[in-house]
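Read through the structure below, which is laid out as structure tokens, and then see the notes.
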Amino acid sequence: MRNGQYLRYVALGDSQTEGVGDGDDTVGLRGFADRLAERIAMVSPEVRYANLAVRGRLAGQVRAEQLGPALALRPDVATVIAGVNDLLRPRFDADETAAHVEAMFAALTAAGARVATVTIPDITRIAPIARPVAPRIAALNDRIRLAAARHDVALAETSPHAAAIDPRFWATDRLHASPLGHDRISAALAHALGLPGSDDSWTLALAPSSSTTAGAIRTAATELRWAAGFLGPWLLRRLRGQSSGDGRAARRPELLPVGVPPVGI
């Protein structure tokens, strides 16, 4: 940081941080990390940004694969968001998952970075078939809050707000944020970091619409279509020992000026 401005922003995480749900592999991904980098650039035009996230990664994999490269980039601001893939696994251990996240908090803050993270919204409110994971989400959020407090990590509490469980916040797979959701997450992180010009407007509920009302009344047929289109393929990959991130690498592994795409994009 120079003159109160962030100069190096590094994002660590899984598919949400990679930007899944906001764009695609054809047009390119954007996501909350790109959007946050743009917000930082508005007050720190010299900031450079790297995104090390890879979809499908468990918290332990994010730590093992991304923490070292992140530290080598000497960030003065970093986001660490991981654990959702863990809580969807049969043998989820909240303490183990949170320990990996906390280890990243500790290492990055010890290296001088200002770290930010979020709590996980209760996705079971929009995906009733996933209700068994609700206690896992609560358990992981409790541990993230404690870890953030121990390491002075800026925490965006997305989980209590109605906007985060509005169907429009989420992509059609109900696991990744939509472009609107990614924008709200970036605004939440900017507010948690205290960026000039940020405020708590990201917490406000979305304006009602006729499609919102219709979407809120989900039928059994809707749930079955979602299960067939998204849950089924996800479970099949688990049974085969596959991950959506197999063969993928970080899309932005080096610090680049905001707005400059990586080579090959």
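Residue numbers start at 1 in each chain; chains themselves are named A, B, ... in the order of the structure tokens; ligands are numbered from 1 in the order shown.
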Residues near Ile144 (chain A), cut-off 8 Å, only C-alpha atoms, skip fewer than 4 positions along chain, as a PyMOL selection string:
chain A and resi 98+101-102+119+140+148
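Summary of the local environment: counting only C-alpha atoms, residues at most 9 Å from Met104 (chain A), other than itself and those fewer than 6 positions away along its chain, are Val62, Arg63, Leu67 and Val80 of chain A.
Proximity to Ala192 (chain A) was assessed for A:Ile165, A:Val10, A:Val153, A:Ala33 counting only C-alpha atoms; the smallest distance is recorded for A:Val153.
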Pick out each residue of region 131-168 of chain A that DSSP on the backbone tags as helix (DSSP H, G or I); I need them as a PyMOL selection string.
chain A and resi 131-150+162-165+167-168
Fewer than 6 positions away in the same chain doesn't count, so skip those; otherwise give me all residues within 10 Å of Thr158 (chain A), counting only C-alpha atoms, as a PDB file with N, CA and C atoms, in the first residue's frame.
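What landed in selection07.pdb:
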ATOM      1  N   THR A 117     -13.158 -11.360   3.562  1.00  0.00           N
ATOM      2  CA  THR A 117     -13.893 -12.588   3.273  1.00  0.00           C
ATOM      3  C   THR A 117     -15.375 -12.333   3.462  1.00  0.00           C
ATOM      4  N   VAL A 118     -16.198 -13.361   3.232  1.00  0.00           N
ATOM      5  CA  VAL A 118     -17.649 -13.241   3.389  1.00  0.00           C
ATOM      6  C   VAL A 118     -18.180 -14.452   4.158  1.00  0.00           C
ATOM      7  N   THR A 119     -19.359 -14.287   4.752  1.00  0.00           N
ATOM      8  CA  THR A 119     -20.096 -15.449   5.228  1.00  0.00           C
ATOM      9  C   THR A 119     -20.937 -15.981   4.068  1.00  0.00           C
ATOM     10  N   ILE A 120     -21.303 -17.252   4.168  1.00  0.00           N
ATOM     11  CA  ILE A 120     -21.982 -17.948   3.071  1.00  0.00           C
ATOM     12  C   ILE A 120     -23.494 -17.828   3.241  1.00  0.00           C
ATOM     13  N   PRO A 121     -24.201 -17.297   2.250  1.00  0.00           N
ATOM     14  CA  PRO A 121     -25.668 -17.249   2.342  1.00  0.00           C
ATOM     15  C   PRO A 121     -26.265 -18.652   2.419  1.00  0.00           C
ATOM     16  N   ASP A 122     -27.448 -18.743   3.001  1.00  0.00           N
ATOM     17  CA  ASP A 122     -28.121 -20.033   3.139  1.00  0.00           C
ATOM     18  C   ASP A 122     -28.806 -20.385   1.819  1.00  0.00           C
ATOM     19  N   ALA A 164     -29.491 -11.743  -0.434  1.00  0.00           N
ATOM     20  CA  ALA A 164     -28.645 -12.904  -0.710  1.00  0.00           C
ATOM     21  C   ALA A 164     -29.438 -14.189  -0.892  1.00  0.00           C
ATOM     22  N   ILE A 165     -30.718 -14.183  -0.539  1.00  0.00           N
ATOM     23  CA  ILE A 165     -31.550 -15.364  -0.775  1.00  0.00           C
ATOM     24  C   ILE A 165     -32.671 -15.051  -1.763  1.00  0.00           C
ATOM     25  N   ARG A 184     -23.199  -7.520  -6.081  1.00  0.00           N
ATOM     26  CA  ARG A 184     -23.504  -7.277  -4.668  1.00  0.00           C
ATOM     27  C   ARG A 184     -22.364  -7.769  -3.766  1.00  0.00           C
ATOM     28  N   ILE A 185     -21.788  -8.921  -4.088  1.00  0.00           N
ATOM     29  CA  ILE A 185     -20.678  -9.433  -3.281  1.00  0.00           C
ATOM     30  C   ILE A 185     -19.488  -8.479  -3.345  1.00  0.00           C
ATOM     31  N   ALA A 188     -20.229  -5.617  -1.167  1.00  0.00           N
ATOM     32  CA  ALA A 188     -20.117  -5.989   0.248  1.00  0.00           C
ATOM     33  C   ALA A 188     -18.657  -6.001   0.701  1.00  0.00           C
ATOM     34  N   LEU A 189     -17.787  -6.552  -0.128  1.00  0.00           N
ATOM     35  CA  LEU A 189     -16.360  -6.601   0.214  1.00  0.00           C
ATOM     36  C   LEU A 189     -15.758  -5.204   0.225  1.00  0.00           C
ATOM     37  N   TRP A 202     -25.640  -2.387  -0.545  1.00  0.00           N
ATOM     38  CA  TRP A 202     -25.656  -3.778  -1.022  1.00  0.00           C
ATOM     39  C   TRP A 202     -26.550  -4.662  -0.165  1.00  0.00           C
ATOM     40  N   THR A 203     -26.867  -4.231   1.063  1.00  0.00           N
ATOM     41  CA  THR A 203     -27.704  -5.038   1.960  1.00  0.00           C
ATOM     42  C   THR A 203     -29.183  -4.915   1.638  1.00  0.00           C
TER      43      THR A 203
END
